[in-house]
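Okay, input-v8.txt is below, compact mmCIF, C-alpha atoms:
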```txt
# COMPACT_ATOMS: atom_id res chain seq x y z
CA MET A 10 0.00 0.00 0.00
CA MET A 11 1.26 3.43 -0.83
CA PRO A 12 0.20 5.52 2.13
CA MET A 13 -1.24 8.93 1.41
CA LEU A 14 1.34 10.23 3.84
CA ARG A 15 4.14 9.32 1.45
CA LEU A 16 2.50 11.17 -1.43
CA ALA A 17 1.81 14.15 0.81
CA ALA A 18 5.45 14.20 1.97
CA ALA A 19 6.69 14.13 -1.63
CA ALA A 20 4.28 16.93 -2.61
CA LEU A 21 5.37 19.01 0.39
CA ALA A 22 9.04 18.53 -0.51
CA GLY A 23 8.27 19.59 -4.09
CA LEU A 24 6.34 22.62 -2.88
CA LEU A 25 9.26 23.75 -0.68
CA PHE A 26 11.59 23.32 -3.67
CA GLY A 27 9.33 25.49 -5.82
CA VAL A 28 8.91 28.17 -3.15
CA GLY A 29 12.69 28.23 -2.63
CA LEU A 30 13.30 28.60 -6.37
CA ALA A 31 10.73 31.43 -6.62
CA MET A 32 12.30 33.20 -3.64
CA SER A 33 15.86 32.72 -4.92
CA GLY A 34 15.50 34.47 -8.27
CA MET A 35 16.28 31.24 -10.16
CA LEU A 36 12.98 31.56 -12.06
CA ASP A 37 14.34 34.67 -13.76
CA PRO A 38 16.38 33.52 -16.79
CA ALA A 39 18.00 36.96 -17.14
CA ARG A 40 19.23 36.66 -13.55
CA VAL A 41 20.55 33.16 -14.18
CA ARG A 42 22.38 34.31 -17.29
CA GLY A 43 23.79 37.18 -15.20
CA PHE A 44 25.18 34.54 -12.83
CA LEU A 45 26.79 32.73 -15.77
CA ASP A 46 28.11 36.00 -17.25
CA VAL A 47 31.53 35.95 -15.58
CA ALA A 48 33.05 38.02 -18.41
CA GLY A 49 30.41 40.75 -17.99
CA ALA A 50 28.40 42.13 -15.07
CA TRP A 51 28.71 38.95 -13.00
CA ASP A 52 25.99 38.51 -10.37
CA PRO A 53 27.28 35.95 -7.81
CA THR A 54 24.06 35.85 -5.74
CA LEU A 55 22.95 32.51 -7.15
CA ALA A 56 26.18 30.89 -5.94
CA VAL A 57 24.99 31.80 -2.44
CA VAL A 58 21.67 30.08 -3.19
CA LEU A 59 23.54 26.93 -4.21
CA ALA A 60 25.72 27.15 -1.08
CA GLY A 61 22.64 27.31 1.16
CA ALA A 62 21.00 24.45 -0.72
CA VAL A 63 24.07 22.21 -0.50
CA ALA A 64 24.46 23.04 3.22
CA ALA A 65 20.89 21.98 4.09
CA SER A 66 20.97 19.04 1.70
CA GLY A 67 24.32 17.99 3.20
CA LEU A 68 22.85 17.91 6.71
CA GLY A 69 19.98 15.79 5.42
CA THR A 70 22.41 13.44 3.68
CA ALA A 71 24.56 13.05 6.80
CA LEU A 72 21.42 12.24 8.79
CA ALA A 73 20.15 9.83 6.13
CA ARG A 74 23.42 7.87 6.20
CA ARG A 75 22.76 7.09 9.87
CA LEU A 76 19.31 5.66 9.15
CA ARG A 77 18.84 2.08 8.07
CA ARG A 78 15.85 3.05 5.94
CA PRO A 79 13.94 6.22 5.07
CA VAL A 80 11.05 7.16 7.37
CA LEU A 81 8.26 6.39 4.90
CA ALA A 82 9.84 4.04 2.34
CA ASP A 83 11.55 0.63 2.41
CA ALA A 84 15.02 1.57 1.24
CA PHE A 85 17.23 4.47 0.20
CA ASP A 86 17.60 4.85 -3.54
CA TRP A 87 21.24 6.01 -3.50
CA PRO A 88 22.90 6.63 -6.88
CA THR A 89 25.19 3.70 -7.64
CA ARG A 90 27.31 4.91 -10.56
CA THR A 91 30.76 6.19 -9.68
CA ARG A 92 32.61 6.17 -13.00
CA ILE A 93 33.46 9.55 -14.49
CA ASP A 94 32.96 8.76 -18.16
CA ARG A 95 32.48 10.47 -21.50
CA ASP A 96 28.67 10.43 -21.22
CA LEU A 97 28.76 12.34 -17.92
CA VAL A 98 31.04 15.06 -19.28
CA LEU A 99 29.44 15.32 -22.73
CA GLY A 100 25.97 15.42 -21.16
CA ALA A 101 27.03 18.20 -18.78
CA VAL A 102 28.57 20.17 -21.67
CA LEU A 103 25.34 19.95 -23.73
CA PHE A 104 23.21 20.83 -20.69
CA GLY A 105 25.45 23.82 -19.95
CA ILE A 106 25.06 25.14 -23.52
CA GLY A 107 21.27 24.92 -23.26
CA TRP A 108 21.35 26.49 -19.80
CA GLY A 109 23.52 29.37 -21.01
CA LEU A 110 21.41 29.96 -24.14
CA SER A 111 18.11 30.10 -22.25
CA GLY A 112 18.83 30.75 -18.58
CA PHE A 113 16.62 27.76 -17.74
CA CYS A 114 17.55 24.50 -16.08
CA PRO A 115 14.93 21.78 -15.48
CA GLY A 116 13.78 22.72 -11.94
CA PRO A 117 12.97 26.40 -12.53
CA ALA A 118 11.50 25.63 -15.97
CA VAL A 119 9.08 23.04 -14.58
CA ALA A 120 8.20 25.26 -11.60
CA ALA A 121 7.57 28.22 -13.92
CA LEU A 122 5.03 26.21 -15.93
CA SER A 123 2.38 27.37 -13.45
CA GLY A 124 2.83 30.91 -14.81
CA GLY A 125 1.56 29.65 -18.16
CA ALA A 126 3.98 31.73 -20.25
CA LEU A 127 4.41 30.42 -23.82
CA PRO A 128 8.26 30.58 -23.82
CA VAL A 129 8.35 28.34 -20.73
CA VAL A 130 5.95 25.86 -22.33
CA VAL A 131 8.10 25.80 -25.48
CA PHE A 132 11.28 25.21 -23.46
CA VAL A 133 9.77 22.40 -21.36
CA ALA A 134 8.18 20.73 -24.41
CA ALA A 135 11.55 20.78 -26.20
CA MET A 136 13.21 19.43 -23.05
CA LEU A 137 10.80 16.48 -23.03
CA VAL A 138 11.61 15.85 -26.71
CA GLY A 139 15.33 15.92 -25.86
CA MET A 140 14.79 13.39 -23.06
CA ALA A 141 12.73 11.16 -25.36
CA ALA A 142 15.45 11.41 -28.02
CA HIS A 143 18.02 10.21 -25.50
CA ALA A 144 15.80 7.30 -24.46
CA ALA A 145 15.28 6.36 -28.14
CA LEU A 146 18.95 6.59 -29.09
CA ARG A 147 20.28 4.70 -26.09
CA ARG A 148 21.46 1.28 -27.21
CA PRO A 149 22.45 -1.60 -25.00
CA ARG A 150 26.25 -1.75 -24.78
CA PRO A 151 27.82 -4.48 -26.88
CA SER A 152 28.99 -7.31 -24.65
CA ARG A 153 32.58 -8.37 -24.97
CA MET B 1404 16.98 41.05 4.68
CA SER B 1405 20.11 41.66 2.63
CA THR B 1406 20.35 40.15 -0.85
CA PHE B 1407 22.87 37.55 0.29
CA ALA B 1408 20.94 36.58 3.42
CA SER B 1409 17.77 36.17 1.41
CA ALA B 1410 19.65 34.17 -1.24
CA PHE B 1411 21.11 31.90 1.43
CA ALA B 1412 17.69 31.47 3.08
CA SER B 1413 16.06 30.49 -0.21
CA GLY B 1414 18.91 28.05 -0.80
CA LEU B 1415 18.30 26.53 2.63
CA LEU B 1416 14.66 26.01 1.65
CA ILE B 1417 15.68 24.18 -1.54
CA GLY B 1418 18.17 22.07 0.43
CA LEU B 1419 15.56 21.32 3.09
CA SER B 1420 13.28 20.06 0.34
CA ALA B 1421 16.00 17.71 -0.93
CA ALA B 1422 16.74 16.59 2.65
CA LEU B 1423 13.05 15.83 3.30
CA PHE B 1424 12.64 13.86 0.07
CA LEU B 1425 15.72 11.82 0.96
CA LEU B 1426 14.92 11.26 4.65
CA LEU B 1427 11.22 10.50 4.15
CA ASP B 1428 11.09 8.82 0.74
CA GLY B 1429 14.72 7.78 0.30
CA ARG B 1430 15.09 9.48 -3.04
CA ILE B 1431 17.33 12.06 -4.70
CA ALA B 1432 15.51 15.29 -5.56
CA GLY B 1433 16.90 15.56 -9.09
CA ILE B 1434 14.36 17.33 -11.25
CA SER B 1435 15.54 16.06 -14.65
CA GLY B 1436 15.50 12.49 -13.32
CA LEU B 1437 12.02 12.91 -11.85
CA VAL B 1438 10.70 14.40 -15.10
CA ALA B 1439 12.21 11.55 -17.14
CA GLY B 1440 10.64 9.12 -14.65
CA LEU B 1441 7.18 10.36 -15.67
CA ALA B 1442 7.62 8.29 -18.85
CA ARG B 1443 7.73 5.07 -16.76
CA PRO B 1444 4.27 4.96 -15.13
CA CYS B 1445 4.60 1.26 -14.26
CA GLU B 1446 7.32 1.84 -11.69
CA PRO B 1447 6.27 2.11 -8.03
CA ALA B 1448 8.20 5.37 -7.63
CA TRP B 1449 6.06 7.05 -10.32
CA ARG B 1450 3.41 8.37 -7.95
CA THR B 1451 5.78 9.97 -5.46
CA GLY B 1452 7.79 11.46 -8.32
CA PHE B 1453 4.62 12.89 -9.78
CA ALA B 1454 3.58 14.25 -6.36
CA PHE B 1455 6.97 15.98 -5.96
CA LEU B 1456 6.70 17.60 -9.41
CA ALA B 1457 3.09 18.67 -8.74
CA GLY B 1458 4.29 20.35 -5.55
CA LEU B 1459 7.15 21.97 -7.48
CA VAL B 1460 4.73 23.50 -10.01
CA LEU B 1461 2.60 24.86 -7.16
CA GLY B 1462 5.65 26.46 -5.50
CA PRO B 1463 5.74 29.74 -7.44
CA PRO B 1464 1.97 30.41 -7.03
CA ALA B 1465 2.32 29.68 -3.29
CA PHE B 1466 5.24 32.11 -3.14
CA ALA B 1467 3.22 34.70 -5.10
CA PHE B 1468 0.31 34.28 -2.69
CA VAL B 1469 2.50 34.97 0.35
CA ALA B 1470 4.83 37.57 -1.21
CA GLY B 1471 1.98 39.38 -2.97
CA GLY B 1472 3.38 39.04 -6.49
CA TRP B 1473 4.86 36.64 -9.03
CA PRO B 1474 8.68 36.52 -8.97
CA ALA B 1475 10.46 38.37 -11.78
CA MET B 1476 10.84 36.40 -15.01
CA ARG B 1477 12.71 38.09 -17.84
CA ILE B 1478 13.07 35.73 -20.77
CA GLU B 1479 15.52 37.15 -23.31
CA ALA B 1480 15.85 34.20 -25.69
CA SER B 1481 13.59 33.90 -28.74
CA LEU B 1482 11.25 30.92 -29.11
CA PRO B 1483 13.53 29.07 -31.58
CA VAL B 1484 16.52 29.53 -29.27
CA LEU B 1485 14.42 28.34 -26.31
CA ALA B 1486 13.41 25.26 -28.30
CA LEU B 1487 17.04 24.48 -29.16
CA ALA B 1488 18.08 25.10 -25.54
CA GLY B 1489 15.29 22.84 -24.29
CA LEU B 1490 16.44 20.02 -26.59
CA LEU B 1491 20.03 20.39 -25.34
CA VAL B 1492 18.95 20.53 -21.68
CA GLY B 1493 16.68 17.48 -22.05
CA PHE B 1494 19.20 15.36 -23.95
CA GLY B 1495 22.22 16.57 -21.96
CA THR B 1496 20.73 16.01 -18.51
CA ARG B 1497 19.79 12.41 -19.45
CA LEU B 1498 23.17 11.67 -21.00
CA GLY B 1499 24.92 13.24 -18.00
CA SER B 1500 22.50 11.69 -15.45
CA GLY B 1501 21.43 14.92 -13.80
CA CYS B 1502 21.10 18.67 -13.67
CA THR B 1503 21.58 21.54 -11.21
CA SER B 1504 19.44 19.81 -8.58
CA GLY B 1505 20.55 16.17 -8.84
CA HIS B 1506 24.27 16.83 -9.36
CA GLY B 1507 24.36 20.25 -7.68
CA VAL B 1508 22.08 20.34 -4.64
CA CYS B 1509 22.14 16.57 -3.95
CA GLY B 1510 25.36 15.27 -5.51
CA LEU B 1511 27.67 17.89 -4.00
CA ALA B 1512 26.02 17.26 -0.62
CA ARG B 1513 26.98 13.58 -0.93
CA PHE B 1514 30.56 14.55 -1.87
CA SER B 1515 30.09 12.61 -5.11
CA PRO B 1516 33.14 13.05 -7.38
CA ARG B 1517 30.91 12.27 -10.41
CA SER B 1518 28.57 15.11 -9.48
CA ALA B 1519 31.45 17.49 -8.76
CA VAL B 1520 32.80 16.87 -12.28
CA ALA B 1521 29.31 17.37 -13.76
CA VAL B 1522 28.73 20.65 -11.85
CA VAL B 1523 32.11 22.12 -12.83
CA THR B 1524 31.52 21.03 -16.43
CA PHE B 1525 28.00 22.46 -16.85
CA LEU B 1526 28.96 25.68 -15.05
CA ALA B 1527 31.98 26.12 -17.33
CA SER B 1528 29.95 25.24 -20.41
CA GLY B 1529 27.13 27.62 -19.41
CA MET B 1530 29.58 30.45 -18.70
CA LEU B 1531 31.37 29.87 -22.00
CA THR B 1532 28.05 29.90 -23.85
CA VAL B 1533 27.02 33.23 -22.30
CA ALA B 1534 30.49 34.70 -22.97
CA LEU B 1535 30.38 33.53 -26.62
CA GLY B 1536 26.89 35.02 -26.99
CA ARG B 1537 28.29 38.30 -25.67
CA VAL B 1538 31.12 38.25 -28.25
CA LEU B 1539 28.78 37.36 -31.14
CA ALA B 1540 26.11 39.92 -30.19
```

Exercise: express the given structure as structure tokens:
Amino acid sequence: MMPMLRLAAAALAGLLFGVGLAMSGMLDPARVRGFLDVAGAWDPTLAVVLAGAVAASGLGTALARRLRRPVLADAFDWPTRTRIDRDLVLGAVLFGIGWGLSGFCPGPAVAALSGGALPVVVFVAAMLVGMAAHAALRRPRPSR
Amino acid sequence: MSTFASAFASGLLIGLSAALFLLLDGRIAGISGLVAGLARPCEPAWRTGFAFLAGLVLGPPAFAFVAGGWPAMRIEASLPVLALAGLLVGFGTRLGSGCTSGHGVCGLARFSPRSAVAVVTFLASGMLTVALGRVLA
């Protein structure tokens, strides 16, 4: 049984994320591009946002490592991959280009959907197409 | 509140969200991963992922309700550029297994070397893109 409590907890976590993004200025693509504009009028404020986020998330992670299982679920779903490979770097490069061009990364773009602005809808729709393209192109690795 | 204090406080809120999702549901609050997960409705984690994203979408209206106005959103890119950027962000975050939230907020907090490499790479790539745009403009 999936308790309602678990869904409510996930929704609450999502809501906090969205409120934090709205408060931080991350929903403003011009502001984000200002943060990336190190050669121009660099606005470092968003680095402070990331620092605060990593600090709180770090405390949560340290606490989670001491628990045998999460409070509402059966097991922790920790990422298992550790290899730094070409896909990781190439993916991050492509993501960075898209981020720099638009000023949107996935979180703020999805959160901003509630504003109903056409440019946001276009960006998110294209993002879904990009994700689907990756899923379609991914081939099982040849076994050797 | 000063700009930096308010920025740090909003960051804490985002980090608290990631901490809650991890402590309560055991999952990493990576938005690109959660969005991609929507395409797999058969998995048991689908419903909690959907609930998180629904909450995320309601975040800005909740903020607007309390703060008395929608946060600033100045979109400079044209629709074709946004479409191209969206394609790159969607494909790139899947290929690279994460975005600002999964690699940044969560991965750095786990001291994951993989995430550290991803964050440095997408920051550098984003900064280079903006700088190149400045030169070409």

- All residues 8 Å or closer to region 136-140 of chain A, only C-alpha atoms, same chain fewer than 2 positions away omitted, as number ranges by chain: A: 132-134, 142-144; B: 1439, 1486, 1488-1497

Kindly export the residues of the current selection with C-alpha atoms, as an mmCIF file, in the frame of the given file.
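What follows is the written file again-v6.cif:
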```cif
data_model
loop_
_atom_site.group_PDB
_atom_site.id
_atom_site.type_symbol
_atom_site.label_atom_id
_atom_site.label_comp_id
_atom_site.auth_asym_id
_atom_site.auth_seq_id
_atom_site.Cartn_x
_atom_site.Cartn_y
_atom_site.Cartn_z
ATOM 1 C CA PHE A 132 11.280 25.210 -23.460
ATOM 2 C CA VAL A 133 9.770 22.400 -21.360
ATOM 3 C CA ALA A 134 8.180 20.730 -24.410
ATOM 4 C CA ALA A 142 15.450 11.410 -28.020
ATOM 5 C CA HIS A 143 18.020 10.210 -25.500
ATOM 6 C CA ALA A 144 15.800 7.300 -24.460
ATOM 7 C CA ALA B 1439 12.210 11.550 -17.140
ATOM 8 C CA ALA B 1486 13.410 25.260 -28.300
ATOM 9 C CA ALA B 1488 18.080 25.100 -25.540
ATOM 10 C CA GLY B 1489 15.290 22.840 -24.290
ATOM 11 C CA LEU B 1490 16.440 20.020 -26.590
ATOM 12 C CA LEU B 1491 20.030 20.390 -25.340
ATOM 13 C CA VAL B 1492 18.950 20.530 -21.680
ATOM 14 C CA GLY B 1493 16.680 17.480 -22.050
ATOM 15 C CA PHE B 1494 19.200 15.360 -23.950
ATOM 16 C CA GLY B 1495 22.220 16.570 -21.960
ATOM 17 C CA THR B 1496 20.730 16.010 -18.510
ATOM 18 C CA ARG B 1497 19.790 12.410 -19.450
#
```

- Message: If I take CA of Ala1521 (chain B) and CA of Val1438 (chain B), how far is one from the other in Å, to one decimal?
- Response: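 Value for the CA of Ala1521 (chain B)-CA of Val1438 (chain B) distance: 18.9 Å.
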
Within 6 Å of chain A: each chain B residue with its shortest pair, all atoms listed in the file, as JSON lines:
```
{"residue": "B:Ala1410", "atom": "CA", "partner": "A:Val58", "partner_atom": "CA", "distance": 5.0}
{"residue": "B:Phe1411", "atom": "CA", "partner": "A:Gly61", "partner_atom": "CA", "distance": 4.8}
{"residue": "B:Ser1413", "atom": "CA", "partner": "A:Gly29", "partner_atom": "CA", "distance": 4.7}
{"residue": "B:Gly1414", "atom": "CA", "partner": "A:Ala62", "partner_atom": "CA", "distance": 4.2}
{"residue": "B:Leu1415", "atom": "CA", "partner": "A:Gly61", "partner_atom": "CA", "distance": 4.6}
{"residue": "B:Leu1416", "atom": "CA", "partner": "A:Gly29", "partner_atom": "CA", "distance": 5.2}
{"residue": "B:Ile1417", "atom": "CA", "partner": "A:Phe26", "partner_atom": "CA", "distance": 4.7}
{"residue": "B:Gly1418", "atom": "CA", "partner": "A:Ala62", "partner_atom": "CA", "distance": 3.9}
{"residue": "B:Leu1419", "atom": "CA", "partner": "A:Ala65", "partner_atom": "CA", "distance": 5.5}
{"residue": "B:Ser1420", "atom": "CA", "partner": "A:Ala22", "partner_atom": "CA", "distance": 4.6}
{"residue": "B:Ala1421", "atom": "CA", "partner": "A:Ser66", "partner_atom": "CA", "distance": 5.8}
{"residue": "B:Ala1422", "atom": "CA", "partner": "A:Gly69", "partner_atom": "CA", "distance": 4.3}
{"residue": "B:Phe1424", "atom": "CA", "partner": "A:Ala22", "partner_atom": "CA", "distance": 5.9}
{"residue": "B:Leu1426", "atom": "CA", "partner": "A:Pro79", "partner_atom": "CA", "distance": 5.2}
{"residue": "B:Leu1427", "atom": "CA", "partner": "A:Val80", "partner_atom": "CA", "distance": 4.6}
{"residue": "B:Asp1428", "atom": "CA", "partner": "A:Ala82", "partner_atom": "CA", "distance": 5.2}
{"residue": "B:Gly1429", "atom": "CA", "partner": "A:Phe85", "partner_atom": "CA", "distance": 4.2}
{"residue": "B:Arg1430", "atom": "CA", "partner": "A:Asp86", "partner_atom": "CA", "distance": 5.3}
{"residue": "B:Ile1434", "atom": "CA", "partner": "A:Gly116", "partner_atom": "CA", "distance": 5.5}
{"residue": "B:Ser1435", "atom": "CA", "partner": "A:Pro115", "partner_atom": "CA", "distance": 5.8}
{"residue": "B:Thr1451", "atom": "CA", "partner": "A:Leu16", "partner_atom": "CA", "distance": 5.3}
{"residue": "B:Ala1454", "atom": "CA", "partner": "A:Ala20", "partner_atom": "CA", "distance": 4.7}
{"residue": "B:Phe1455", "atom": "CA", "partner": "A:Gly23", "partner_atom": "CA", "distance": 4.3}
{"residue": "B:Leu1456", "atom": "CA", "partner": "A:Gly23", "partner_atom": "CA", "distance": 5.9}
{"residue": "B:Gly1458", "atom": "CA", "partner": "A:Leu24", "partner_atom": "CA", "distance": 4.1}
{"residue": "B:Leu1459", "atom": "CA", "partner": "A:Gly23", "partner_atom": "CA", "distance": 4.3}
{"residue": "B:Val1460", "atom": "CA", "partner": "A:Ala120", "partner_atom": "CA", "distance": 4.2}
{"residue": "B:Gly1462", "atom": "CA", "partner": "A:Gly27", "partner_atom": "CA", "distance": 3.8}
{"residue": "B:Pro1463", "atom": "CA", "partner": "A:Ala31", "partner_atom": "CA", "distance": 5.3}
{"residue": "B:Phe1466", "atom": "CA", "partner": "A:Val28", "partner_atom": "CA", "distance": 5.4}
{"residue": "B:Pro1474", "atom": "CA", "partner": "A:Ala31", "partner_atom": "CA", "distance": 6.0}
{"residue": "B:Ala1475", "atom": "CA", "partner": "A:Asp37", "partner_atom": "CA", "distance": 5.7}
{"residue": "B:Met1476", "atom": "CA", "partner": "A:Asp37", "partner_atom": "CA", "distance": 4.1}
{"residue": "B:Arg1477", "atom": "CA", "partner": "A:Ala39", "partner_atom": "CA", "distance": 5.5}
{"residue": "B:Ile1478", "atom": "CA", "partner": "A:Pro38", "partner_atom": "CA", "distance": 5.6}
{"residue": "B:Ala1480", "atom": "CA", "partner": "A:Ser111", "partner_atom": "CA", "distance": 5.8}
{"residue": "B:Leu1485", "atom": "CA", "partner": "A:Phe132", "partner_atom": "CA", "distance": 5.3}
{"residue": "B:Ala1486", "atom": "CA", "partner": "A:Ala135", "partner_atom": "CA", "distance": 5.3}
{"residue": "B:Ala1488", "atom": "CA", "partner": "A:Gly107", "partner_atom": "CA", "distance": 3.9}
{"residue": "B:Gly1489", "atom": "CA", "partner": "A:Met136", "partner_atom": "CA", "distance": 4.2}
{"residue": "B:Leu1490", "atom": "CA", "partner": "A:Gly139", "partner_atom": "CA", "distance": 4.3}
{"residue": "B:Leu1491", "atom": "CA", "partner": "A:Gly107", "partner_atom": "CA", "distance": 5.1}
{"residue": "B:Val1492", "atom": "CA", "partner": "A:Phe104", "partner_atom": "CA", "distance": 4.4}
{"residue": "B:Gly1493", "atom": "CA", "partner": "A:Met136", "partner_atom": "CA", "distance": 4.1}
{"residue": "B:Phe1494", "atom": "CA", "partner": "A:Gly139", "partner_atom": "CA", "distance": 4.4}
{"residue": "B:Gly1495", "atom": "CA", "partner": "A:Gly100", "partner_atom": "CA", "distance": 4.0}
{"residue": "B:Thr1496", "atom": "CA", "partner": "A:Phe104", "partner_atom": "CA", "distance": 5.8}
{"residue": "B:Leu1498", "atom": "CA", "partner": "A:Gly100", "partner_atom": "CA", "distance": 4.7}
{"residue": "B:Gly1499", "atom": "CA", "partner": "A:Leu97", "partner_atom": "CA", "distance": 3.9}
{"residue": "B:Val1508", "atom": "CA", "partner": "A:Val63", "partner_atom": "CA", "distance": 5.0}
{"residue": "B:Ala1512", "atom": "CA", "partner": "A:Gly67", "partner_atom": "CA", "distance": 4.2}
{"residue": "B:Arg1517", "atom": "CA", "partner": "A:Ile93", "partner_atom": "CA", "distance": 5.5}
{"residue": "B:Ala1521", "atom": "CA", "partner": "A:Ala101", "partner_atom": "CA", "distance": 5.6}
{"residue": "B:Thr1524", "atom": "CA", "partner": "A:Ala101", "partner_atom": "CA", "distance": 5.8}
{"residue": "B:Phe1525", "atom": "CA", "partner": "A:Gly105", "partner_atom": "CA", "distance": 4.2}
{"residue": "B:Ser1528", "atom": "CA", "partner": "A:Gly105", "partner_atom": "CA", "distance": 4.7}
{"residue": "B:Gly1529", "atom": "CA", "partner": "A:Gly105", "partner_atom": "CA", "distance": 4.2}
{"residue": "B:Met1530", "atom": "CA", "partner": "A:Leu45", "partner_atom": "CA", "distance": 4.6}
{"residue": "B:Thr1532", "atom": "CA", "partner": "A:Gly109", "partner_atom": "CA", "distance": 5.4}
{"residue": "B:Val1533", "atom": "CA", "partner": "A:Gly109", "partner_atom": "CA", "distance": 5.4}
```

- Query: How many Å separate CA of Arg1537 (chain B) from CA of Gly1505 (chain B)?
  - Reply: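 Between these atoms lies a distance of 28.9 Å.
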
- Message: I'd like the interatomic distance between CA of Gly1510 (chain B) and CA of Cys1445 (chain B), to a tenth of an Å.
- Response: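 Taking CA of Gly1510 (chain B) and CA of Cys1445 (chain B), their separation equals 26.5 Å.
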
With N, CA and C atoms as the goal, would you fill in the gaps in region 1490-1510 of chain B and present it as a PDB file, keeping the file's coordinate frame?
```pdb
ATOM      1  N   LEU B1490      15.947  21.301 -26.057  1.00  0.00           N
ATOM      2  CA  LEU B1490      16.440  20.020 -26.590  1.00  0.00           C
ATOM      3  C   LEU B1490      17.777  19.655 -25.945  1.00  0.00           C
ATOM      4  N   LEU B1491      18.696  20.636 -25.911  1.00  0.00           N
ATOM      5  CA  LEU B1491      20.030  20.390 -25.340  1.00  0.00           C
ATOM      6  C   LEU B1491      19.939  20.049 -23.856  1.00  0.00           C
ATOM      7  N   VAL B1492      19.089  20.779 -23.125  1.00  0.00           N
ATOM      8  CA  VAL B1492      18.950  20.530 -21.680  1.00  0.00           C
ATOM      9  C   VAL B1492      18.346  19.146 -21.438  1.00  0.00           C
ATOM     10  N   GLY B1493      17.315  18.790 -22.224  1.00  0.00           N
ATOM     11  CA  GLY B1493      16.680  17.480 -22.050  1.00  0.00           C
ATOM     12  C   GLY B1493      17.635  16.347 -22.360  1.00  0.00           C
ATOM     13  N   PHE B1494      18.278  16.422 -23.538  1.00  0.00           N
ATOM     14  CA  PHE B1494      19.200  15.360 -23.950  1.00  0.00           C
ATOM     15  C   PHE B1494      20.431  15.318 -23.032  1.00  0.00           C
ATOM     16  N   GLY B1495      20.998  16.496 -22.759  1.00  0.00           N
ATOM     17  CA  GLY B1495      22.220  16.570 -21.960  1.00  0.00           C
ATOM     18  C   GLY B1495      22.040  16.084 -20.528  1.00  0.00           C
ATOM     19  N   THR B1496      20.907  16.438 -19.907  1.00  0.00           N
ATOM     20  CA  THR B1496      20.730  16.010 -18.510  1.00  0.00           C
ATOM     21  C   THR B1496      20.499  14.497 -18.427  1.00  0.00           C
ATOM     22  N   ARG B1497      19.935  13.877 -19.475  1.00  0.00           N
ATOM     23  CA  ARG B1497      19.790  12.410 -19.450  1.00  0.00           C
ATOM     24  C   ARG B1497      21.136  11.749 -19.692  1.00  0.00           C
ATOM     25  N   LEU B1498      21.863  12.248 -20.693  1.00  0.00           N
ATOM     26  CA  LEU B1498      23.170  11.670 -21.000  1.00  0.00           C
ATOM     27  C   LEU B1498      24.109  11.810 -19.791  1.00  0.00           C
ATOM     28  N   GLY B1499      24.038  12.971 -19.133  1.00  0.00           N
ATOM     29  CA  GLY B1499      24.920  13.240 -18.000  1.00  0.00           C
ATOM     30  C   GLY B1499      24.319  12.861 -16.658  1.00  0.00           C
ATOM     31  N   SER B1500      23.182  12.197 -16.668  1.00  0.00           N
ATOM     32  CA  SER B1500      22.500  11.690 -15.450  1.00  0.00           C
ATOM     33  C   SER B1500      22.166  12.744 -14.411  1.00  0.00           C
ATOM     34  N   GLY B1501      21.877  13.971 -14.820  1.00  0.00           N
ATOM     35  CA  GLY B1501      21.430  14.920 -13.800  1.00  0.00           C
ATOM     36  C   GLY B1501      21.627  16.362 -14.186  1.00  0.00           C
ATOM     37  N   CYS B1502      21.012  17.237 -13.386  1.00  0.00           N
ATOM     38  CA  CYS B1502      21.100  18.670 -13.670  1.00  0.00           C
ATOM     39  C   CYS B1502      21.560  19.412 -12.421  1.00  0.00           C
ATOM     40  N   THR B1503      21.176  20.676 -12.323  1.00  0.00           N
ATOM     41  CA  THR B1503      21.580  21.540 -11.210  1.00  0.00           C
ATOM     42  C   THR B1503      21.126  20.975  -9.864  1.00  0.00           C
ATOM     43  N   SER B1504      19.952  20.339  -9.842  1.00  0.00           N
ATOM     44  CA  SER B1504      19.440  19.810  -8.580  1.00  0.00           C
ATOM     45  C   SER B1504      20.081  18.460  -8.222  1.00  0.00           C
ATOM     46  N   GLY B1505      20.029  17.503  -9.137  1.00  0.00           N
ATOM     47  CA  GLY B1505      20.550  16.170  -8.840  1.00  0.00           C
ATOM     48  C   GLY B1505      22.046  16.155  -8.600  1.00  0.00           C
ATOM     49  N   HIS B1506      22.814  16.779  -9.507  1.00  0.00           N
ATOM     50  CA  HIS B1506      24.270  16.830  -9.360  1.00  0.00           C
ATOM     51  C   HIS B1506      24.678  17.947  -8.402  1.00  0.00           C
ATOM     52  N   GLY B1507      23.985  19.091  -8.491  1.00  0.00           N
ATOM     53  CA  GLY B1507      24.360  20.250  -7.680  1.00  0.00           C
ATOM     54  C   GLY B1507      23.908  20.112  -6.240  1.00  0.00           C
ATOM     55  N   VAL B1508      22.612  20.304  -6.007  1.00  0.00           N
ATOM     56  CA  VAL B1508      22.080  20.340  -4.640  1.00  0.00           C
ATOM     57  C   VAL B1508      22.283  18.997  -3.924  1.00  0.00           C
ATOM     58  N   CYS B1509      22.060  17.872  -4.622  1.00  0.00           N
ATOM     59  CA  CYS B1509      22.140  16.570  -3.950  1.00  0.00           C
ATOM     60  C   CYS B1509      23.515  15.929  -4.075  1.00  0.00           C
ATOM     61  N   GLY B1510      24.090  15.950  -5.285  1.00  0.00           N
ATOM     62  CA  GLY B1510      25.360  15.270  -5.510  1.00  0.00           C
ATOM     63  C   GLY B1510      26.506  15.894  -4.730  1.00  0.00           C
TER      64      GLY B1510
END
```
